[in-house]
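Written out below as structure tokens is the structure these notes cover.
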2 protein chains.
Amino acid sequence: MKRIVFYVSDSTGITVEAIGRSLLTQFSTLEYEAHTFRFIDNEAKALEVVEAINAVATNDNGRPIVFGTLIDANIRAHLEHSHCLFFDVIQAVLQPLADELGMSPRPMVGQSHGVIHNHDYQHRMTAVNFALGSDDGLHTNHYDQADVILLGVSRSGKTPTSVFLALHFGIQAANYPLVEEDLECLQLPKPIKEWRKKAFGLTITPERLHSIRNERRPDSQYASLRQCQYEVRQVEALYRQFGIKYVDVTRMSVEEIATSIMGQAKLES
Amino acid sequence: MKRIVFYVSDSTGITVEAIGRSLLTQFSTLEYEAHTFRFIDNEAKALEVVEAINAVATNDNGRPIVFGTLIDANIRAHLEHSHCLFFDVIQAVLQPLADELGMSPRPMVGQSHGVIHNHDYQHRMTAVNFALGSDDGLHTNHYDQADVILLGVSRSGKTPTSVFLALHFGIQAANYPLVEEDLECLQLPKPIKEWRKKAFGLTITPERLHSIRNERRPDSQYASLRQCQYEVRQVEALYRQFGIKYVDVTRMSVEEIATSIMGQAKLES
């Protein structure tokens, strides 16, 4: 008996999905099934969505819940008149905002992700190329151009974090793996020593690291809890010794790791 | 005379930034300066934000506009009582949603990004590794594991799109560059021929491609408008000849390219 949820957007749907999930998570016992309709930017497409809504409205699970971010009033009207509980998270705020600003909103569909901001697009594309080119200790001679250099032991989340920082914020993030040799002698590798001020460490509990590594190389020495305990203890000692800020990523999503580093390393997008 | 805008979140702030931008873009003449406060998850941090708000409330630009996603009622109350116009985009919808569901919301701070969903995290991490390992035609022998294989000429946006699909949706996206040789003989490279059903093409206007390439290698043959015109014409002919769906990315953000491919290629996150 899952409740049916629809996300309907005139753009990518990424924002409305995030808001909807955020809201629905507040009801921990709710079971639901979600569907996203993206780029619903004309009435014909809106009518197709209405049809999909009405089709499931007839079953016994309660009327569908629809979260929308729809700028166009005609499109919104179709949704509002379908057999659902409809929320438009943009609209709820738009009028009071217009009153405060003393301006009239001019419907601009799908502008939130900077469609026409080529500069921003280029900036992020360059950052992604930088992240890929500086992944896992590659091209340390480009560190002069890095905004941040992420450190950590193997499988602690450096790569996804670098890539997220690049894609979402246009931050040029390199990453460098700290290996047995560095950990044993408690010394920073040469390129990191030189750019220590840009370095930011990741750490993780040995148990979690063990579980992640075990999926990759089951029952290896590399994945053993003992090895993970050793590496984590040493890497944290290394961070402290050289005054490198670090974050424990164990219970964090990539988004959380990235934004938390943004804050602590005072990076600006 | 820029208006000051604050985004305040008990989590990453990514969602509230997106909503705020979406709203503010509706007022095309508005000039504003935005600041984000992330992980505001206790009253002490809330009071620091209030201080920051009140500090700028005294200048002549009108009171600050604050967009929040704050689950905790005490934290929210502090913000509501500061010298600003405060909108909580979650709260506006939470009560009517609770009424409909016949459930009480249980405050769960920062759950939207799946903090404790290790499975999801692992899934996306694996996808990012796949995208990096299959970037730019690498490791075509892994194409059996690909959800989609992006095609396109050099600099048409394949890499950022693959990485976004992986990071945001956990989609295993490979990408393969179509080069002069493929374009000249209008033939698909062997690994693509074999996995044609997973292929999805990117295209772009010659003018835009010219401008992107010119930033990378100014005044080269590679970046010349003539070369770009040739490659785009041929690549589109190639897509049509082999029945490969494709999208024109010219005026799209990475998010838009990725979600539009999700829809057209019927990929599920």
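Residue numbering restarts at 1 for every chain of the structure tokens, chains are lettered A, B, ... in their displayed order, and ligands are numbered from 1 as they appear.
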Practice item. Find the spatial neighbours of stretch 232-247 of chain A, counting only C-alpha atoms, within a cut-off of 7 Å - ignore same-chain residues fewer than 2 positions away - and output them as a PyMOL selection string. Key: chain A and resi 183+186+199-203+206+228-230+249
Kindly export the residues of the current selection with C-alpha atoms, as a short mmCIF file (atom, residue, chain, number, x, y, z; two decimals), in the first residue's frame.
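This is the output file out.cif:
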```
data_model
loop_
_atom_site.label_atom_id
_atom_site.label_comp_id
_atom_site.auth_asym_id
_atom_site.auth_seq_id
_atom_site.Cartn_x
_atom_site.Cartn_y
_atom_site.Cartn_z
CA LEU A 183 51.86 6.63 6.99
CA LEU A 186 54.51 10.06 9.37
CA ALA A 199 45.55 20.41 1.90
CA PHE A 200 42.40 19.10 3.54
CA GLY A 201 42.14 15.62 5.04
CA LEU A 202 39.42 13.00 4.99
CA THR A 203 39.13 10.35 7.64
CA PRO A 206 38.24 1.73 10.49
CA CYS A 228 42.27 -0.20 8.26
CA GLN A 229 42.74 0.51 11.96
CA TYR A 230 46.45 1.09 11.39
CA VAL A 249 33.21 11.25 6.41
#
```
Residues at most 12 Å from B:Arg76, counting only C-alpha atoms, excluding those fewer than 3 positions away in the same chain, as a JSON list (two decimals) with C-alpha atoms, in the first residue's frame?
```
[["chain", "number", "residue", "atom", "x", "y", "z"],
["B", 8, "VAL", "CA", 20.27, 28.95, 5.91],
["B", 9, "SER", "CA", 20.14, 25.17, 6.14],
["B", 10, "ASP", "CA", 20.49, 22.55, 8.84],
["B", 40, "ILE", "CA", 23.00, 25.22, 11.23],
["B", 41, "ASP", "CA", 21.85, 22.45, 13.49],
["B", 42, "ASN", "CA", 21.94, 23.95, 16.98],
["B", 43, "GLU", "CA", 20.83, 27.16, 18.65],
["B", 45, "LYS", "CA", 24.95, 28.38, 15.41],
["B", 46, "ALA", "CA", 21.51, 29.87, 14.79],
["B", 47, "LEU", "CA", 22.37, 32.83, 16.99],
["B", 49, "VAL", "CA", 23.41, 33.57, 11.82],
["B", 50, "VAL", "CA", 20.96, 35.94, 13.49],
["B", 66, "VAL", "CA", 16.39, 34.74, 4.26],
["B", 67, "PHE", "CA", 15.50, 31.38, 2.73],
["B", 68, "GLY", "CA", 15.66, 28.50, 5.15],
["B", 69, "THR", "CA", 15.27, 24.76, 5.28],
["B", 70, "LEU", "CA", 15.23, 24.25, 9.02],
["B", 71, "ILE", "CA", 13.46, 21.34, 10.61],
["B", 72, "ASP", "CA", 14.05, 22.24, 14.25],
["B", 73, "ALA", "CA", 11.38, 24.64, 15.54],
["B", 79, "LEU", "CA", 15.61, 33.18, 12.45],
["B", 80, "GLU", "CA", 11.98, 34.24, 12.30],
["B", 81, "HIS", "CA", 12.63, 36.83, 15.00],
["B", 82, "SER", "CA", 15.68, 38.35, 13.32],
["B", 86, "PHE", "CA", 12.12, 34.85, 6.43],
["B", 87, "PHE", "CA", 10.84, 32.02, 4.26],
["B", 88, "ASP", "CA", 11.04, 28.39, 5.23],
["B", 89, "VAL", "CA", 10.31, 26.40, 2.11],
["B", 90, "ILE", "CA", 9.96, 23.10, 3.95],
["B", 91, "GLN", "CA", 7.71, 24.40, 6.67]]
```
Exercise for review: Show which residues sit within 8 Å of stretch 51-56 of chain B, as a list in words. Count only C-alpha atoms, and ignore same-chain residues fewer than 2 positions away.
Suggested key: Ile4, Phe6, Leu47, Glu48, Val49, Thr58, Asn59, Arg63, Pro64, Ser82, His83 and Cys84 of chain B
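Closest approach to B:Glu184 from the set B:Glu215, B:Arg196, B:Met1, B:Glu231 is made by B:Glu231, with distances taken over only C-alpha atoms.
The nearest approach to A:Asn129 among the residues A:Ala44, A:Ala174, A:Leu97, A:Val148, with only C-alpha atoms taken into account, belongs to A:Ala174.
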Check your understanding: Contacts of A:Ser154 at 10 Å or less, counting only C-alpha atoms, minus same-chain residues fewer than 2 places along, as an NGL selection string?
Key -> :A and (136 or 151-152 or 156-159 or 176-179 or 209 or 213 or 222 or 228 or 231)
Would you save the residues from that selection as a PDB file, in the first residue's frame, using N, CA and C atoms?
```pdb
ATOM      1  N   ASP A 136      43.757  11.138  -7.679  1.00  0.00           N
ATOM      2  CA  ASP A 136      44.627  10.074  -7.175  1.00  0.00           C
ATOM      3  C   ASP A 136      46.126  10.370  -7.348  1.00  0.00           C
ATOM      4  N   LEU A 151      43.254  14.955   0.891  1.00  0.00           N
ATOM      5  CA  LEU A 151      44.125  13.849   1.283  1.00  0.00           C
ATOM      6  C   LEU A 151      43.301  12.749   1.935  1.00  0.00           C
ATOM      7  N   GLY A 152      43.819  11.538   1.899  1.00  0.00           N
ATOM      8  CA  GLY A 152      43.147  10.456   2.599  1.00  0.00           C
ATOM      9  C   GLY A 152      43.721   9.123   2.177  1.00  0.00           C
ATOM     10  N   SER A 156      38.675   6.419   0.933  1.00  0.00           N
ATOM     11  CA  SER A 156      38.048   7.241   1.967  1.00  0.00           C
ATOM     12  C   SER A 156      37.129   8.297   1.360  1.00  0.00           C
ATOM     13  N   GLY A 157      36.945   8.296   0.050  1.00  0.00           N
ATOM     14  CA  GLY A 157      35.955   9.192  -0.563  1.00  0.00           C
ATOM     15  C   GLY A 157      36.529  10.411  -1.262  1.00  0.00           C
ATOM     16  N   LYS A 158      37.834  10.414  -1.534  1.00  0.00           N
ATOM     17  CA  LYS A 158      38.475  11.576  -2.134  1.00  0.00           C
ATOM     18  C   LYS A 158      37.941  11.891  -3.530  1.00  0.00           C
ATOM     19  N   THR A 159      37.842  10.852  -4.359  1.00  0.00           N
ATOM     20  CA  THR A 159      37.467  11.099  -5.752  1.00  0.00           C
ATOM     21  C   THR A 159      36.050  11.660  -5.905  1.00  0.00           C
ATOM     22  N   TYR A 176      44.929  13.386  -3.408  1.00  0.00           N
ATOM     23  CA  TYR A 176      46.206  12.687  -3.298  1.00  0.00           C
ATOM     24  C   TYR A 176      46.072  11.567  -2.268  1.00  0.00           C
ATOM     25  N   PRO A 177      46.424  10.347  -2.661  1.00  0.00           N
ATOM     26  CA  PRO A 177      46.288   9.228  -1.724  1.00  0.00           C
ATOM     27  C   PRO A 177      47.492   9.134  -0.786  1.00  0.00           C
ATOM     28  N   LEU A 178      47.221   8.992   0.488  1.00  0.00           N
ATOM     29  CA  LEU A 178      48.328   8.763   1.418  1.00  0.00           C
ATOM     30  C   LEU A 178      48.526   7.260   1.549  1.00  0.00           C
ATOM     31  N   VAL A 179      49.733   6.811   1.264  1.00  0.00           N
ATOM     32  CA  VAL A 179      49.987   5.368   1.204  1.00  0.00           C
ATOM     33  C   VAL A 179      50.876   4.923   2.357  1.00  0.00           C
ATOM     34  N   LEU A 209      35.707   1.741   6.694  1.00  0.00           N
ATOM     35  CA  LEU A 209      36.731   1.583   5.660  1.00  0.00           C
ATOM     36  C   LEU A 209      36.890   0.101   5.309  1.00  0.00           C
ATOM     37  N   ARG A 213      36.342  -1.411   1.628  1.00  0.00           N
ATOM     38  CA  ARG A 213      37.445  -2.096   0.934  1.00  0.00           C
ATOM     39  C   ARG A 213      37.118  -3.566   0.690  1.00  0.00           C
ATOM     40  N   TYR A 222      44.702  -5.780   2.446  1.00  0.00           N
ATOM     41  CA  TYR A 222      44.323  -4.385   2.213  1.00  0.00           C
ATOM     42  C   TYR A 222      42.994  -4.037   2.887  1.00  0.00           C
ATOM     43  N   CYS A 228      43.059  -1.433   8.267  1.00  0.00           N
ATOM     44  CA  CYS A 228      42.265  -0.200   8.256  1.00  0.00           C
ATOM     45  C   CYS A 228      42.476   0.572   9.557  1.00  0.00           C
ATOM     46  N   GLU A 231      45.914   2.259   9.325  1.00  0.00           N
ATOM     47  CA  GLU A 231      45.979   3.388   8.391  1.00  0.00           C
ATOM     48  C   GLU A 231      45.233   4.611   8.923  1.00  0.00           C
TER      49      GLU A 231
END
```
Exercise for review: Identify all residues of stretch 73-174 of chain B in alpha helix (DSSP H) (DSSP on the backbone) and supply them as JSON, numbers by chain.
Suggested key: {"B": [73, 74, 75, 76, 77, 78, 79, 80, 91, 92, 93, 94, 95, 96, 97, 98, 99, 100, 101, 118, 119, 120, 121, 122, 123, 124, 125, 126, 127, 128, 129, 130, 131, 132, 133, 158, 159, 160, 161, 162, 163, 164, 165, 166, 167, 168, 169]}
Once you have the residues from the selection above, write them out as a short mmCIF file (atom, residue, chain, number, x, y, z; two decimals), in the first residue's frame, restricted to N, CA and C atoms.
```cif
data_model
loop_
_atom_site.label_atom_id
_atom_site.label_comp_id
_atom_site.auth_asym_id
_atom_site.auth_seq_id
_atom_site.Cartn_x
_atom_site.Cartn_y
_atom_site.Cartn_z
N ALA B 73 12.24 23.48 15.31
CA ALA B 73 11.38 24.64 15.54
C ALA B 73 12.11 25.76 16.32
N ASN B 74 12.97 25.38 17.25
CA ASN B 74 13.69 26.40 18.04
C ASN B 74 14.66 27.19 17.17
N ILE B 75 15.36 26.48 16.34
CA ILE B 75 16.30 27.15 15.43
C ILE B 75 15.54 28.10 14.51
N ARG B 76 14.44 27.59 13.98
CA ARG B 76 13.64 28.39 13.07
C ARG B 76 13.12 29.65 13.75
N ALA B 77 12.71 29.49 15.00
CA ALA B 77 12.17 30.63 15.74
C ALA B 77 13.19 31.77 15.85
N HIS B 78 14.44 31.43 16.08
CA HIS B 78 15.49 32.46 16.15
C HIS B 78 15.56 33.25 14.84
N LEU B 79 15.53 32.53 13.75
CA LEU B 79 15.61 33.18 12.45
C LEU B 79 14.39 34.06 12.20
N GLU B 80 13.23 33.52 12.53
CA GLU B 80 11.98 34.24 12.30
C GLU B 80 11.96 35.57 13.05
N GLN B 91 8.77 24.21 5.71
CA GLN B 91 7.71 24.40 6.67
C GLN B 91 6.39 24.78 6.00
N ALA B 92 6.49 25.55 4.93
CA ALA B 92 5.29 26.02 4.23
C ALA B 92 4.41 24.85 3.78
N VAL B 93 5.02 23.72 3.57
CA VAL B 93 4.30 22.58 3.02
C VAL B 93 4.08 21.46 4.05
N LEU B 94 4.89 21.47 5.12
CA LEU B 94 4.91 20.33 6.03
C LEU B 94 3.56 20.04 6.70
N GLN B 95 2.89 21.08 7.20
CA GLN B 95 1.64 20.86 7.93
C GLN B 95 0.51 20.31 7.04
N PRO B 96 0.25 20.95 5.90
CA PRO B 96 -0.78 20.37 5.03
C PRO B 96 -0.46 18.94 4.59
N LEU B 97 0.83 18.66 4.43
CA LEU B 97 1.24 17.30 4.06
C LEU B 97 0.93 16.33 5.20
N ALA B 98 1.23 16.76 6.41
CA ALA B 98 0.95 15.93 7.60
C ALA B 98 -0.54 15.65 7.71
N ASP B 99 -1.36 16.68 7.45
CA ASP B 99 -2.81 16.51 7.53
C ASP B 99 -3.28 15.47 6.52
N GLU B 100 -2.76 15.57 5.31
CA GLU B 100 -3.16 14.64 4.26
C GLU B 100 -2.78 13.20 4.61
N LEU B 101 -1.55 13.05 5.14
CA LEU B 101 -1.07 11.71 5.44
C LEU B 101 -1.66 11.16 6.73
N ASN B 118 23.93 4.00 3.43
CA ASN B 118 25.22 3.55 2.93
C ASN B 118 25.12 2.89 1.56
N HIS B 119 24.04 2.20 1.37
CA HIS B 119 23.89 1.50 0.10
C HIS B 119 23.92 2.50 -1.06
N ASP B 120 23.13 3.55 -0.90
CA ASP B 120 23.07 4.59 -1.92
C ASP B 120 24.45 5.23 -2.13
N TYR B 121 25.13 5.50 -1.04
CA TYR B 121 26.46 6.12 -1.12
C TYR B 121 27.41 5.22 -1.91
N GLN B 122 27.43 3.96 -1.55
CA GLN B 122 28.29 2.99 -2.23
C GLN B 122 27.97 2.92 -3.72
N HIS B 123 26.69 2.93 -3.98
CA HIS B 123 26.20 2.81 -5.35
C HIS B 123 26.72 3.99 -6.20
N ARG B 124 26.63 5.18 -5.64
CA ARG B 124 27.08 6.37 -6.37
C ARG B 124 28.60 6.39 -6.50
N MET B 125 29.29 5.93 -5.43
CA MET B 125 30.74 5.89 -5.44
C MET B 125 31.23 4.94 -6.53
N THR B 126 30.58 3.79 -6.63
CA THR B 126 30.91 2.82 -7.67
C THR B 126 30.68 3.43 -9.05
N ALA B 127 29.57 4.15 -9.18
CA ALA B 127 29.25 4.77 -10.47
C ALA B 127 30.29 5.84 -10.84
N VAL B 128 30.75 6.61 -9.86
CA VAL B 128 31.77 7.63 -10.13
C VAL B 128 33.06 6.94 -10.59
N ASN B 129 33.43 5.88 -9.91
CA ASN B 129 34.63 5.16 -10.33
C ASN B 129 34.47 4.60 -11.74
N PHE B 130 33.28 4.13 -12.02
CA PHE B 130 33.03 3.61 -13.38
C PHE B 130 33.17 4.74 -14.41
N ALA B 131 32.57 5.89 -14.10
CA ALA B 131 32.62 7.02 -15.04
C ALA B 131 34.07 7.45 -15.30
N LEU B 132 34.86 7.52 -14.23
CA LEU B 132 36.25 7.94 -14.40
C LEU B 132 37.04 6.88 -15.16
N GLY B 133 36.76 5.63 -14.85
CA GLY B 133 37.47 4.54 -15.52
C GLY B 133 37.06 4.36 -16.98
N LYS B 158 30.82 15.54 -22.81
CA LYS B 158 30.62 14.15 -22.41
C LYS B 158 31.07 13.88 -20.97
N THR B 159 32.26 14.36 -20.63
CA THR B 159 32.82 14.03 -19.32
C THR B 159 31.99 14.59 -18.16
N PRO B 160 31.71 15.90 -18.13
CA PRO B 160 30.89 16.40 -17.01
C PRO B 160 29.54 15.70 -16.92
N THR B 161 28.96 15.38 -18.07
CA THR B 161 27.65 14.72 -18.05
C THR B 161 27.75 13.33 -17.46
N SER B 162 28.75 12.56 -17.87
CA SER B 162 28.94 11.20 -17.31
C SER B 162 29.10 11.28 -15.80
N VAL B 163 29.92 12.23 -15.36
CA VAL B 163 30.22 12.32 -13.95
C VAL B 163 28.99 12.76 -13.16
N PHE B 164 28.22 13.67 -13.73
CA PHE B 164 27.00 14.10 -13.05
C PHE B 164 26.00 12.95 -12.93
N LEU B 165 25.83 12.21 -14.01
CA LEU B 165 24.91 11.06 -13.98
C LEU B 165 25.32 10.07 -12.90
N ALA B 166 26.62 9.88 -12.74
CA ALA B 166 27.13 8.95 -11.74
C ALA B 166 26.91 9.49 -10.33
N LEU B 167 27.34 10.71 -10.11
CA LEU B 167 27.29 11.30 -8.78
C LEU B 167 25.87 11.51 -8.29
N HIS B 168 25.03 12.02 -9.15
CA HIS B 168 23.70 12.41 -8.69
C HIS B 168 22.72 11.24 -8.75
N PHE B 169 22.84 10.42 -9.77
CA PHE B 169 21.84 9.37 -9.96
C PHE B 169 22.38 7.95 -9.82
#
```
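For the pair atom CA of A:Arg38 and atom CA of B:Tyr7, the separation is 25.2 Å.
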Exercise for review: Enumerate as a list in words all residues of stretch 111-228 of chain B assigned to strand (DSSP E) by DSSP on the backbone, naming them with the chain letters and numbers the document uses.
Suggested key: Val148, Ile149, Leu150, Leu151, Gly152, Ala173, Ala174, Asn175, Tyr176, Pro177, Ala199, Phe200, Gly201, Leu202 and Thr203 of chain B
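Distances here use only C-alpha atoms; by that measure, the residue among A:Asp135, A:Glu207, A:Asp60, A:Glu256 closest to chain B is A:Glu256.
Nearest-residue note for A:Glu268: choosing from B:Ala34, B:Leu23, B:Ala57, B:Ala173, the minimum distance belongs to B:Ala34, counting only C-alpha atoms.
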